[in-house]
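Text of structure-v1.cif (mmCIF, C-alpha atoms) as supplied:
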```cif
data_target
#
loop_
_atom_site.label_atom_id
_atom_site.label_comp_id
_atom_site.auth_asym_id
_atom_site.auth_seq_id
_atom_site.Cartn_x
_atom_site.Cartn_y
_atom_site.Cartn_z
CA MET A 1 -37.67 33.49 67.49
CA THR A 2 -38.26 32.06 64.12
CA HIS A 3 -36.19 32.95 61.15
CA PRO A 4 -37.59 33.13 57.67
CA ARG A 5 -36.62 29.95 55.96
CA VAL A 6 -34.26 30.34 52.97
CA ALA A 7 -35.07 28.03 50.15
CA GLY A 8 -32.23 25.64 49.21
CA PRO A 9 -31.57 24.59 45.65
CA LEU A 10 -33.31 21.28 46.12
CA GLU A 11 -36.51 23.11 46.73
CA HIS A 12 -35.96 24.79 43.40
CA ARG A 13 -35.80 21.40 41.74
CA PRO A 14 -38.27 22.29 38.97
CA LEU A 15 -36.26 25.44 38.38
CA VAL A 16 -33.01 23.47 38.36
CA TRP A 17 -34.32 21.08 35.78
CA LEU A 18 -35.72 23.95 33.77
CA VAL A 19 -32.22 25.47 33.71
CA VAL A 20 -30.64 22.16 32.77
CA SER A 21 -33.17 21.75 30.01
CA LEU A 22 -32.53 25.29 28.80
CA VAL A 23 -28.79 24.69 28.81
CA CYS A 24 -29.17 21.50 26.85
CA LEU A 25 -31.57 23.12 24.45
CA SER A 26 -29.41 26.19 24.04
CA VAL A 27 -26.43 24.08 23.07
CA ALA A 28 -28.56 21.78 20.92
CA GLY A 29 -27.89 18.80 23.14
CA CYS A 30 -24.63 16.92 23.47
CA ALA A 31 -22.84 15.64 20.40
CA ASP A 32 -22.72 11.95 19.89
CA PRO A 33 -18.98 11.48 20.34
CA PRO A 34 -19.02 7.66 20.48
CA ALA A 35 -20.71 7.43 17.06
CA ILE A 36 -18.39 9.88 15.27
CA LYS A 37 -15.37 8.56 17.15
CA ARG A 38 -16.24 5.01 16.13
CA PHE A 39 -16.75 6.06 12.50
CA ALA A 40 -13.38 7.84 12.46
CA ALA A 41 -11.65 4.93 14.22
CA ALA A 42 -13.14 2.34 11.83
CA SER A 43 -12.05 4.46 8.84
CA ALA A 44 -8.52 4.90 10.18
CA SER A 45 -8.22 1.22 11.08
CA ALA A 46 -9.33 0.06 7.62
CA GLY A 47 -6.98 2.66 6.14
CA GLU A 48 -4.01 0.89 7.70
CA ARG A 49 -4.31 -1.68 4.90
CA PHE A 50 -4.00 0.93 2.16
CA PRO A 51 -0.16 1.07 2.02
CA GLU A 52 -0.09 -2.64 1.09
CA ILE A 53 -2.53 -2.02 -1.76
CA ALA A 54 -0.62 1.06 -2.91
CA ASN A 55 2.75 -0.71 -2.73
CA ASP A 56 1.37 -3.45 -4.94
CA ILE A 57 1.12 -0.92 -7.78
CA GLU A 58 4.91 -1.03 -8.02
CA LYS A 59 5.12 -4.75 -7.29
CA SER A 60 2.59 -5.49 -10.03
CA CYS A 61 4.83 -3.62 -12.48
CA GLU A 62 7.79 -5.74 -11.34
CA ARG A 63 5.86 -8.99 -11.78
CA ARG A 64 4.67 -7.93 -15.24
CA GLU A 65 8.19 -6.98 -16.26
CA LYS A 66 9.50 -10.33 -15.03
CA TYR A 67 7.06 -12.19 -17.28
CA ARG A 68 8.23 -10.14 -20.25
CA LEU A 69 11.90 -10.75 -19.53
CA LEU A 70 11.34 -14.43 -18.75
CA GLY A 71 9.62 -14.92 -22.08
CA ARG A 72 12.47 -13.23 -23.85
CA TRP A 73 15.45 -14.68 -21.99
CA GLY A 74 14.07 -17.68 -20.17
CA ALA A 75 15.89 -16.39 -17.07
CA ASP A 76 15.20 -17.48 -13.51
CA LEU A 77 12.28 -15.57 -11.98
CA ASP A 78 14.12 -14.54 -8.81
CA SER A 79 17.28 -13.34 -10.52
CA LEU A 80 15.44 -10.55 -12.33
CA GLU A 81 14.98 -8.34 -9.29
CA HIS A 82 17.69 -5.85 -10.31
CA VAL A 83 16.45 -5.66 -13.91
CA THR A 84 12.88 -4.73 -12.99
CA ALA A 85 13.79 -2.26 -10.24
CA GLY A 86 14.81 0.50 -12.67
CA THR A 87 11.88 -0.08 -15.00
CA CYS A 88 9.33 0.31 -12.23
CA ALA A 89 10.91 3.26 -10.41
CA ALA A 90 8.29 5.66 -11.79
CA TYR A 91 5.57 3.49 -10.24
CA GLY A 92 7.41 3.64 -6.92
CA ARG A 93 7.35 7.44 -7.00
CA ALA A 94 3.62 7.42 -7.81
CA VAL A 95 3.01 5.00 -4.91
CA SER A 96 4.88 7.27 -2.55
CA ARG A 97 2.78 10.29 -3.53
CA LEU A 98 -0.44 8.26 -3.42
CA SER A 99 0.34 6.97 0.07
CA GLY A 100 1.11 10.52 1.19
CA SER A 101 -2.30 11.76 0.02
CA HIS A 102 -3.98 8.82 1.76
CA ARG A 103 -2.10 9.56 5.00
CA VAL A 104 -3.48 13.10 4.92
CA LEU A 105 -7.03 11.69 4.67
CA MET A 106 -6.44 9.28 7.55
CA GLY A 107 -4.87 12.03 9.67
CA TYR A 108 -7.97 14.10 9.07
CA MET A 109 -10.29 11.24 10.10
CA LYS A 110 -8.32 10.60 13.29
CA ALA A 111 -8.40 14.30 14.22
CA LEU A 112 -12.14 14.35 13.49
CA GLY A 113 -12.66 11.43 15.88
CA ASN A 114 -10.50 12.98 18.60
CA LEU A 115 -12.21 16.33 18.35
CA SER A 116 -15.68 14.76 18.46
CA ALA A 117 -14.86 12.72 21.54
CA GLY A 118 -12.90 15.46 23.27
CA GLU A 119 -11.18 12.66 25.11
CA VAL A 120 -8.12 14.71 25.92
CA VAL A 121 -10.21 16.99 28.10
CA SER A 122 -10.98 16.18 31.70
CA TYR A 123 -13.27 18.51 33.62
CA ASP A 124 -13.18 16.56 36.88
CA GLN A 125 -10.87 18.94 38.75
CA PRO A 126 -12.69 22.15 37.72
CA ILE A 127 -15.97 20.55 38.76
CA ASP A 128 -14.52 19.59 42.14
CA ASP A 129 -13.30 23.16 42.51
CA LEU A 130 -16.76 24.25 41.53
CA GLY A 131 -18.18 22.13 44.36
CA ASP A 132 -15.97 24.01 46.82
CA ALA A 133 -17.06 27.33 45.37
CA VAL A 134 -20.70 26.36 45.67
CA ALA A 135 -20.12 25.21 49.25
CA ALA A 136 -18.92 28.71 50.01
CA ILE A 137 -22.16 30.09 48.59
CA SER A 138 -24.36 27.73 50.57
CA PRO A 139 -22.17 26.16 53.25
CA ALA A 140 -24.90 24.73 55.44
CA ASP A 141 -26.52 22.47 52.96
CA ALA A 142 -24.38 19.58 51.70
CA LYS A 143 -27.26 18.19 49.65
CA SER A 144 -27.64 21.52 47.94
CA VAL A 145 -23.93 21.58 47.10
CA ALA A 146 -24.18 18.09 45.60
CA ALA A 147 -27.26 19.01 43.63
CA VAL A 148 -25.72 22.17 42.24
CA LYS A 149 -22.50 20.29 41.45
CA GLY A 150 -24.57 17.79 39.52
CA VAL A 151 -26.16 20.57 37.52
CA SER A 152 -22.73 22.07 36.94
CA GLU A 153 -21.40 18.82 35.54
CA VAL A 154 -24.16 18.83 32.98
CA LEU A 155 -23.52 22.48 32.25
CA VAL A 156 -19.74 22.20 31.86
CA GLU A 157 -20.08 19.19 29.63
CA ALA A 158 -22.83 20.88 27.64
CA VAL A 159 -20.85 24.08 27.18
CA ALA A 160 -17.65 22.22 26.32
CA GLY A 161 -19.64 19.89 24.12
CA LYS A 162 -21.15 22.83 22.30
CA TRP A 163 -17.69 24.27 21.72
CA ARG A 164 -16.49 20.96 20.27
CA ARG A 165 -19.58 20.59 18.10
CA LYS A 166 -19.11 24.08 16.79
CA GLN A 167 -15.49 23.30 15.84
CA LEU A 168 -16.58 19.98 14.33
CA SER A 169 -19.42 21.51 12.40
CA THR A 170 -17.14 24.24 11.00
CA VAL A 171 -14.41 21.80 9.99
CA ILE A 172 -16.89 19.40 8.39
CA GLU A 173 -18.56 22.23 6.51
CA LYS A 174 -15.30 23.70 5.21
CA THR A 175 -13.59 20.39 4.38
CA ASN A 176 -16.37 18.23 2.97
CA ALA A 177 -15.84 19.19 -0.68
CA ASP A 178 -12.11 18.52 -0.45
CA VAL A 179 -12.64 15.24 1.42
CA GLN A 180 -15.04 14.10 -1.30
CA THR A 181 -12.58 15.09 -4.06
CA LEU A 182 -9.68 13.39 -2.31
CA ILE A 183 -11.62 10.16 -1.70
CA THR A 184 -12.92 10.13 -5.29
CA ALA A 185 -9.38 10.48 -6.62
CA LEU A 186 -8.08 7.70 -4.35
CA ARG A 187 -11.02 5.49 -5.28
CA GLU A 188 -10.55 6.04 -9.02
CA THR A 189 -6.86 5.27 -8.71
CA ILE A 190 -7.60 1.95 -7.01
CA GLU A 191 -10.64 0.80 -8.95
CA GLY A 192 -9.45 2.20 -12.29
CA ASP A 193 -5.67 2.42 -12.45
CA TYR A 194 -4.66 -0.37 -10.07
CA GLU A 195 -7.31 -2.66 -11.57
CA ARG A 196 -5.91 -1.97 -15.06
CA LEU A 197 -2.39 -2.74 -13.85
CA LEU A 198 -3.66 -6.06 -12.48
CA ASP A 199 -5.35 -6.69 -15.85
CA ALA A 200 -2.00 -6.03 -17.53
CA GLU A 201 -0.24 -8.34 -15.07
CA SER A 202 -2.79 -11.06 -15.73
CA GLU A 203 -2.35 -10.61 -19.47
CA ALA A 204 1.44 -10.71 -19.08
CA ALA A 205 1.10 -13.98 -17.15
CA ARG A 206 -1.08 -15.38 -19.95
CA LYS A 207 1.41 -14.34 -22.63
CA PHE A 208 4.21 -16.04 -20.74
CA TYR A 209 2.53 -19.23 -19.42
CA LEU A 210 0.30 -19.95 -22.41
CA GLY A 211 3.22 -19.28 -24.76
CA VAL A 212 5.37 -21.82 -22.87
CA ILE A 213 2.53 -24.36 -22.78
CA LYS A 214 1.82 -24.00 -26.51
CA GLU A 215 5.51 -24.27 -27.31
CA TYR A 216 6.34 -27.36 -25.22
CA ARG A 217 3.12 -29.29 -24.57
CA GLY A 218 3.87 -31.81 -27.35
CA GLU A 219 7.38 -32.55 -26.13
CA GLU A 220 6.84 -32.23 -22.36
CA PRO A 221 3.12 -32.70 -21.53
CA LEU A 222 3.69 -33.27 -17.80
CA THR A 223 5.74 -30.09 -17.51
CA ALA A 224 3.01 -28.26 -19.39
CA ILE A 225 0.46 -29.39 -16.78
CA LEU A 226 2.70 -28.18 -13.94
CA VAL A 227 3.22 -24.86 -15.71
CA TYR A 228 -0.56 -24.59 -16.15
CA ASP A 229 -1.08 -25.18 -12.40
CA ARG A 230 1.45 -22.47 -11.58
CA TRP A 231 -0.36 -20.11 -13.93
CA LEU A 232 -3.65 -20.81 -12.14
CA GLY A 233 -1.93 -20.07 -8.82
CA GLU A 234 -0.73 -16.70 -10.13
CA GLU A 235 -4.25 -15.93 -11.37
CA ARG A 236 -5.72 -16.76 -7.98
CA ALA A 237 -3.24 -14.39 -6.32
CA ILE A 238 -4.20 -11.63 -8.75
CA GLU A 239 -7.90 -12.28 -8.08
CA ALA A 240 -7.31 -12.03 -4.32
CA ARG A 241 -5.62 -8.65 -4.85
CA ARG A 242 -8.58 -7.51 -6.93
CA GLU A 243 -11.00 -8.50 -4.18
CA THR A 244 -8.94 -6.70 -1.54
CA ALA A 245 -8.79 -3.59 -3.71
CA GLY A 246 -12.54 -3.87 -4.31
CA ALA A 247 -13.17 -4.08 -0.57
CA TYR A 248 -11.08 -0.99 0.02
CA VAL A 249 -12.96 0.90 -2.68
CA LYS A 250 -16.15 0.07 -0.74
CA VAL A 251 -14.49 1.35 2.46
CA LEU A 252 -13.61 4.62 0.72
CA LYS A 253 -17.20 4.96 -0.52
CA LYS A 254 -18.49 4.45 3.04
CA ILE A 255 -16.07 7.04 4.43
CA ALA A 256 -17.20 9.50 1.74
CA ARG A 257 -20.88 8.78 2.42
CA GLY A 258 -20.40 9.04 6.17
CA HIS A 259 -18.63 12.39 5.88
CA GLN A 260 -21.34 13.62 3.51
CA ASP A 261 -24.00 12.62 6.06
CA LEU A 262 -22.13 14.55 8.76
CA TYR A 263 -21.99 17.52 6.40
CA ASP A 264 -25.70 17.27 5.56
CA HIS A 265 -26.56 17.20 9.29
CA ARG A 266 -23.74 19.42 10.55
CA ASP A 267 -26.17 21.57 12.50
CA ALA A 268 -27.68 18.59 14.28
CA LEU A 269 -24.74 16.31 15.01
CA LYS A 270 -26.49 15.09 18.14
CA SER A 271 -29.60 13.86 16.37
CA LYS A 272 -30.63 10.22 16.43
CA ASP A 273 -30.68 10.20 12.63
CA VAL A 274 -27.01 11.18 12.45
CA LYS A 275 -26.09 8.62 15.09
CA LYS A 276 -27.96 5.93 13.17
CA LEU A 277 -26.37 6.87 9.84
CA VAL A 278 -22.85 7.15 11.19
CA LEU A 279 -23.08 3.87 13.11
CA LYS A 280 -24.41 2.15 9.99
CA HIS A 281 -21.34 3.29 8.03
CA SER A 282 -19.02 2.33 10.90
CA THR A 283 -20.44 -1.18 11.04
CA ALA A 284 -20.12 -1.58 7.27
CA ILE A 285 -16.49 -0.42 7.36
CA GLU A 286 -15.69 -2.78 10.24
CA GLU A 287 -17.22 -5.69 8.31
CA LEU A 288 -15.30 -4.79 5.15
CA ALA A 289 -12.05 -4.66 7.13
CA ALA A 290 -12.09 -8.47 7.26
CA ASP A 291 -11.97 -8.66 3.46
CA LEU A 292 -8.92 -6.38 3.40
CA ARG A 293 -6.73 -9.10 4.89
CA ARG A 294 -7.34 -11.47 2.01
CA ALA A 295 -4.44 -10.82 -0.37
CA PHE A 296 -1.62 -9.11 1.48
CA MET B 1 3.65 12.37 -21.15
CA THR B 2 2.98 16.01 -21.92
CA GLY B 3 -0.25 17.25 -23.46
CA LEU B 4 -2.50 14.55 -21.99
CA ASP B 5 -4.89 14.98 -19.13
CA ARG B 6 -5.55 12.12 -16.71
CA ASP B 7 -8.74 10.95 -18.47
CA GLU B 8 -7.03 10.90 -21.86
CA ALA B 9 -4.13 8.95 -20.36
CA ARG B 10 -6.58 6.46 -18.84
CA GLY B 11 -8.51 6.15 -22.12
CA LEU B 12 -5.36 5.44 -24.10
CA ALA B 13 -4.11 3.02 -21.44
CA GLU B 14 -7.36 1.05 -21.73
CA GLN B 15 -7.21 0.98 -25.54
CA PHE B 16 -3.57 -0.18 -25.62
CA TYR B 17 -4.34 -2.89 -23.07
CA ARG B 18 -7.25 -4.19 -25.16
CA LEU B 19 -5.19 -4.14 -28.34
CA SER B 20 -2.42 -6.10 -26.64
CA LYS B 21 -4.95 -8.64 -25.37
CA GLU B 22 -6.63 -9.00 -28.78
CA LEU B 23 -3.28 -9.51 -30.47
CA GLY B 24 -2.51 -12.20 -27.89
CA ASP B 25 -5.90 -13.85 -28.57
CA TYR B 26 -5.04 -13.85 -32.27
CA ARG B 27 -1.53 -15.27 -31.74
CA PHE B 28 -2.72 -18.12 -29.50
CA ALA B 29 -5.75 -18.90 -31.72
CA HIS B 30 -3.53 -19.14 -34.80
CA TRP B 31 -0.49 -20.61 -33.11
CA GLU B 32 0.00 -23.42 -35.63
CA GLU B 33 -0.68 -21.25 -38.69
CA LEU B 34 1.79 -18.56 -37.73
CA GLY B 35 5.48 -19.25 -38.21
CA LYS B 36 7.86 -18.76 -35.27
CA THR B 37 9.16 -15.46 -36.67
CA GLU B 38 5.62 -14.12 -37.13
CA ARG B 39 4.67 -15.21 -33.61
CA LEU B 40 7.69 -13.44 -32.13
CA SER B 41 6.87 -10.33 -34.13
CA VAL B 42 3.25 -10.28 -32.93
CA GLU B 43 4.34 -11.02 -29.36
CA SER B 44 6.83 -8.16 -29.44
CA MET B 45 4.02 -5.78 -30.46
CA GLU B 46 1.82 -7.18 -27.68
CA TRP B 47 4.46 -6.42 -25.03
CA SER B 48 5.06 -2.94 -26.42
CA LEU B 49 1.34 -2.17 -26.21
CA LEU B 50 1.03 -3.69 -22.75
CA ASN B 51 3.99 -1.67 -21.44
CA ALA B 52 2.66 1.50 -23.05
CA SER B 53 -0.72 0.84 -21.39
CA SER B 54 0.87 0.44 -17.97
CA ASP B 55 3.14 3.46 -18.38
CA LEU B 56 0.11 5.55 -19.35
CA THR B 57 -1.65 4.28 -16.24
CA ALA B 58 1.30 5.40 -14.11
CA THR B 59 1.11 8.77 -15.89
CA ALA B 60 -2.63 8.98 -15.10
CA ILE B 61 -1.89 8.37 -11.40
CA ASP B 62 0.78 11.10 -11.48
CA LEU B 63 -1.58 13.55 -13.17
CA THR B 64 -4.33 12.74 -10.65
CA LEU B 65 -1.93 13.45 -7.79
CA ASP B 66 -0.79 16.69 -9.44
CA ASP B 67 -4.42 17.83 -9.63
CA LEU B 68 -4.93 16.75 -6.04
CA LYS B 69 -2.10 18.84 -4.55
CA PRO B 70 -4.20 21.87 -3.49
CA VAL B 71 -6.95 19.58 -2.14
CA VAL B 72 -4.48 17.59 -0.04
CA LYS B 73 -2.99 20.84 1.27
CA ARG B 74 -6.39 22.09 2.38
CA VAL B 75 -7.34 18.81 4.08
CA ALA B 76 -3.99 18.83 5.89
CA ALA B 77 -4.68 22.41 6.99
CA SER B 78 -8.10 21.36 8.36
CA THR B 79 -6.42 18.56 10.28
CA ARG B 80 -3.94 21.01 11.80
CA LYS B 81 -6.84 23.27 12.82
CA MET B 82 -8.59 20.36 14.52
CA LYS B 83 -5.43 19.41 16.39
CA THR B 84 -5.13 23.00 17.57
CA ALA B 85 -8.79 22.92 18.62
CA ILE B 86 -8.23 19.70 20.57
CA ARG B 87 -5.25 21.27 22.35
CA LYS B 88 -7.28 24.40 23.00
CA ALA B 89 -10.10 22.34 24.48
CA GLY B 90 -7.62 20.84 26.90
CA ARG B 91 -6.15 24.13 28.07
CA ALA B 92 -6.82 24.85 31.72
CA LYS B 93 -7.60 28.50 30.98
CA ASP B 94 -10.54 27.54 28.76
CA VAL B 95 -11.79 24.90 31.14
CA LEU B 96 -11.59 27.35 34.02
CA ALA B 97 -13.50 29.94 32.03
CA ILE B 98 -16.25 27.38 31.50
CA ALA B 99 -16.15 26.42 35.17
CA ALA B 100 -16.30 30.07 36.25
CA ALA B 101 -19.37 30.58 34.11
CA ALA B 102 -20.86 27.48 35.71
CA VAL B 103 -20.13 28.82 39.20
CA GLU B 104 -21.92 32.03 38.30
CA LEU B 105 -24.89 30.09 37.06
CA CYS B 106 -24.92 27.91 40.17
CA ALA B 107 -24.92 30.98 42.34
CA ALA B 108 -27.83 32.28 40.33
CA ILE B 109 -29.68 28.98 40.78
CA VAL B 110 -29.08 29.12 44.52
CA SER B 111 -30.36 32.68 44.61
CA GLY B 112 -33.49 31.55 42.87
CA SER B 113 -33.64 34.70 40.82
CA PRO B 114 -34.94 34.00 37.30
CA SER B 115 -33.34 37.16 35.91
CA ALA B 116 -29.96 36.25 37.45
CA ILE B 117 -30.29 32.73 36.05
CA ALA B 118 -31.08 34.06 32.61
CA ALA B 119 -28.12 36.45 32.67
CA ALA B 120 -25.73 33.79 33.96
CA LEU B 121 -26.98 31.30 31.40
CA GLU B 122 -26.36 33.78 28.62
CA ARG B 123 -22.79 34.39 29.84
CA ALA B 124 -22.16 30.65 30.20
CA VAL B 125 -23.17 29.99 26.62
CA LYS B 126 -21.01 32.93 25.43
CA VAL B 127 -17.94 31.37 27.03
CA SER B 128 -18.06 28.60 24.47
CA SER B 129 -17.89 30.87 21.46
#
```

Taking this structure as input, can you express it in the form of structure tokens?
Amino acid sequence: MTHPRVAGPLEHRPLVWLVVSLVCLSVAGCADPPAIKRFAAASASAGERFPEIANDIEKSCERREKYRLLGRWGADLDSLEHVTAGTCAAYGRAVSRLSGSHRVLMGYMKALGNLSAGEVVSYDQPIDDLGDAVAAISPADAKSVAAVKGVSEVLVEAVAGKWRRKQLSTVIEKTNADVQTLITALRETIEGDYERLLDAESEAARKFYLGVIKEYRGEEPLTAILVYDRWLGEERAIEARRETAGAYVKVLKKIARGHQDLYDHRDALKSKDVKKLVLKHSTAIEELAADLRRAF
Amino acid sequence: MTGLDRDEARGLAEQFYRLSKELGDYRFAHWEELGKTERLSVESMEWSLLNASSDLTATAIDLTLDDLKPVVKRVAASTRKMKTAIRKAGRAKDVLAIAAAAVELCAAIVSGSPSAIAAALERAVKVSS
């Protein structure tokens, strides 16, 4: 007696792949977690240097104040710590608030990376359970179970991936304007305000060192040369701080541009164009990170 | 520094800095012509302008951060939402719901029924929303 043969899933292979294709199409493909994760990680890593730049806003005030007091009293540079502390307290408060705002931005970037990667989620156990469930449906055909399990892996990841992309897309859409405003404000503070404070520090150094040189070069020419060398050293240190600040401004611009690109393509986060753009920004940020170690 | 906005504070800071620098240029260029008392007087004005410039810069930073308060609050709120979403994604209940939908779809695939596959696929996609 012959029994009608029941088709196993493997014999439905074209159908299986059709379903897989439909699933992937219906969820607009899988997000590109590594690209967004890398962008977020590069941003957060470069951001670790920001507190040193921000803290230098207060330190620059202290150095400027020391030059002023030295010129007036001729006191020892290191003994003026207590005098400058009170004068620059307002800068310290500004630094604290500035660092707080920056921490919020970095927290956002880290969360963005974690959500895109979905690394806290493991679907292995549910998929194994799924294998058992499928075995119950078609117990005689181990190959069929494996095949269906394989399809299920794609499906679970696709569905979960779609959920993550939807969350990502919503967050990026709702937050982009604020992220751009926040980054612009941080950038202007560094490239405008901090730069001006370094200008003032440089000018304070000139007033002090050049004044001393002009005053004593006739009587003590050798000392004047040594003082001049020290002045040049201070100027080099200021220049290094400027370059570090400049590099961080570029990092902030890249973060802003990268987030804007994600916003512009929020409905196609999987696309090759997005991956290319985001990876380009990540690489640029990683390269700039080397310049951030210059002064501090 | 009441009555100034951040751009006005920055503009004044820049002008005071330049004035201080130009006075310094003048003092050093005419060092020999100026008497010691005149030099000290000019220098005192230079420091006053330089300090005023820097204090205005600190004021500009403060004003920027004041303006930024609601923005920072909203970004922090978005971050909290993402953290909640990440936790939600890791919850067994949600994962099991996805897996259950997958099981249904697998059963439909095994059955070979296009209508069952279509229905299961629709339900599987709904699970994610």

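Closest approach to chain B among A:Leu70, A:Ala89, A:Ala94, A:Ile255 is made by A:Ala94 (distances from all atoms listed in the file).
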
Check the smallest atom-to-atom distance from each of A:Ser60, A:Ser96, A:Ser169, A:Thr175 to chain B using all atoms listed in the file, then report the winner. A:Thr175

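Closest approach to Asn51 of chain B among A:Asp229, A:Glu220, A:Glu52, A:Glu201 is made by A:Glu201 (distances from all atoms listed in the file).
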
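Counting all atoms listed in the file and comparing A:Lys66, A:Lys276, A:Arg38, A:His265, the residue that lies closest to chain B is A:Lys66.
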
Any chance you could work out the residue set of the PyMOL selection byres ((chain B and resi 81) around 12) here, as a ChimeraX atom specification? /A:107-108,111-112,115,167-168,170-172,174-175 /B:74-80,82-88

Output of the above residues as a JSON list (two decimals), keeping the file's coordinate frame, restricted to C-alpha atoms:
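Contents of the output file selection.json:
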```json
[["chain", "number", "residue", "atom", "x", "y", "z"],
["A", 107, "GLY", "CA", -4.87, 12.03, 9.67],
["A", 108, "TYR", "CA", -7.97, 14.10, 9.07],
["A", 111, "ALA", "CA", -8.40, 14.30, 14.22],
["A", 112, "LEU", "CA", -12.14, 14.35, 13.49],
["A", 115, "LEU", "CA", -12.21, 16.33, 18.35],
["A", 167, "GLN", "CA", -15.49, 23.30, 15.84],
["A", 168, "LEU", "CA", -16.58, 19.98, 14.33],
["A", 170, "THR", "CA", -17.14, 24.24, 11.00],
["A", 171, "VAL", "CA", -14.41, 21.80, 9.99],
["A", 172, "ILE", "CA", -16.89, 19.40, 8.39],
["A", 174, "LYS", "CA", -15.30, 23.70, 5.21],
["A", 175, "THR", "CA", -13.59, 20.39, 4.38],
["B", 74, "ARG", "CA", -6.39, 22.09, 2.38],
["B", 75, "VAL", "CA", -7.34, 18.81, 4.08],
["B", 76, "ALA", "CA", -3.99, 18.83, 5.89],
["B", 77, "ALA", "CA", -4.68, 22.41, 6.99],
["B", 78, "SER", "CA", -8.10, 21.36, 8.36],
["B", 79, "THR", "CA", -6.42, 18.56, 10.28],
["B", 80, "ARG", "CA", -3.94, 21.01, 11.80],
["B", 82, "MET", "CA", -8.59, 20.36, 14.52],
["B", 83, "LYS", "CA", -5.43, 19.41, 16.39],
["B", 84, "THR", "CA", -5.13, 23.00, 17.57],
["B", 85, "ALA", "CA", -8.79, 22.92, 18.62],
["B", 86, "ILE", "CA", -8.23, 19.70, 20.57],
["B", 87, "ARG", "CA", -5.25, 21.27, 22.35],
["B", 88, "LYS", "CA", -7.28, 24.40, 23.00]]
```

Can you turn the PyMOL selection byres ((chain B and resi 120) around 8) into a concrete residue list for this file, as a ChimeraX atom specification? /B:101,104-105,108,116-119,121-124

Please save C-alpha atoms of the selected residues as a short mmCIF file (atom, residue, chain, number, x, y, z; two decimals), keeping the file's coordinate frame.
```cif
data_model
loop_
_atom_site.label_atom_id
_atom_site.label_comp_id
_atom_site.auth_asym_id
_atom_site.auth_seq_id
_atom_site.Cartn_x
_atom_site.Cartn_y
_atom_site.Cartn_z
CA ALA B 101 -19.37 30.58 34.11
CA GLU B 104 -21.92 32.03 38.30
CA LEU B 105 -24.89 30.09 37.06
CA ALA B 108 -27.83 32.28 40.33
CA ALA B 116 -29.96 36.25 37.45
CA ILE B 117 -30.29 32.73 36.05
CA ALA B 118 -31.08 34.06 32.61
CA ALA B 119 -28.12 36.45 32.67
CA LEU B 121 -26.98 31.30 31.40
CA GLU B 122 -26.36 33.78 28.62
CA ARG B 123 -22.79 34.39 29.84
CA ALA B 124 -22.16 30.65 30.20
#
```

On this structure, the PyMOL selection byres ((chain A and resi 287) around 12) would catch which residues? List them as number ranges by chain, sorted by chain and number. A: 42-43, 45-46, 247-248, 250-251, 254, 280-286, 288-293

Name all residues at most 6 Å from Phe208 of chain A (count all atoms listed in the file; drop same-chain ones fewer than 2 positions away) and give them as number ranges by chain. A: 67, 71, 205-206, 210-211

Using only C-alpha atoms, determine which residues lie at most 10 Å from segment 14-19 of chain B, disregarding the query and same-chain residues fewer than 4 positions distant; provide the list as a ChimeraX atom specification. /A:192-193,196-197,199-200,203 /B:8-10,23-25,45-54,56-57

Among the residues B:Thr64, B:Thr37, B:Ser20, B:Ser44, the one that comes closest to Leu4 of chain B [using only C-alpha atoms]: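 Residue with the minimum atom-to-atom distance to Leu4 of chain B: B:Thr64.
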
Nearest-residue call for Gly233 of chain A, choices A:Glu48, A:Ser202, A:Val95, A:Arg103, using only C-alpha atoms: A:Ser202

How far is it from atom CA of Gly258 of chain A to atom CA of Leu277 of chain A, in Å with one decimal?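 Spanning atom CA of Gly258 of chain A to atom CA of Leu277 of chain A is a straight-line distance of 7.3 Å.
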
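From atom CA of Glu235 of chain A back to atom CA of Ile57 of chain A, the distance works out to 16.3 Å.
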
In Å, how far is it from atom CA of Ala185 of chain A to atom CA of Gly100 of chain A? 13.1 Å

All residues 12 Å or closer to Thr223 of chain A, only C-alpha atoms, same chain fewer than 6 positions away omitted, as a ChimeraX atom specification: /A:209,212-217,229-230
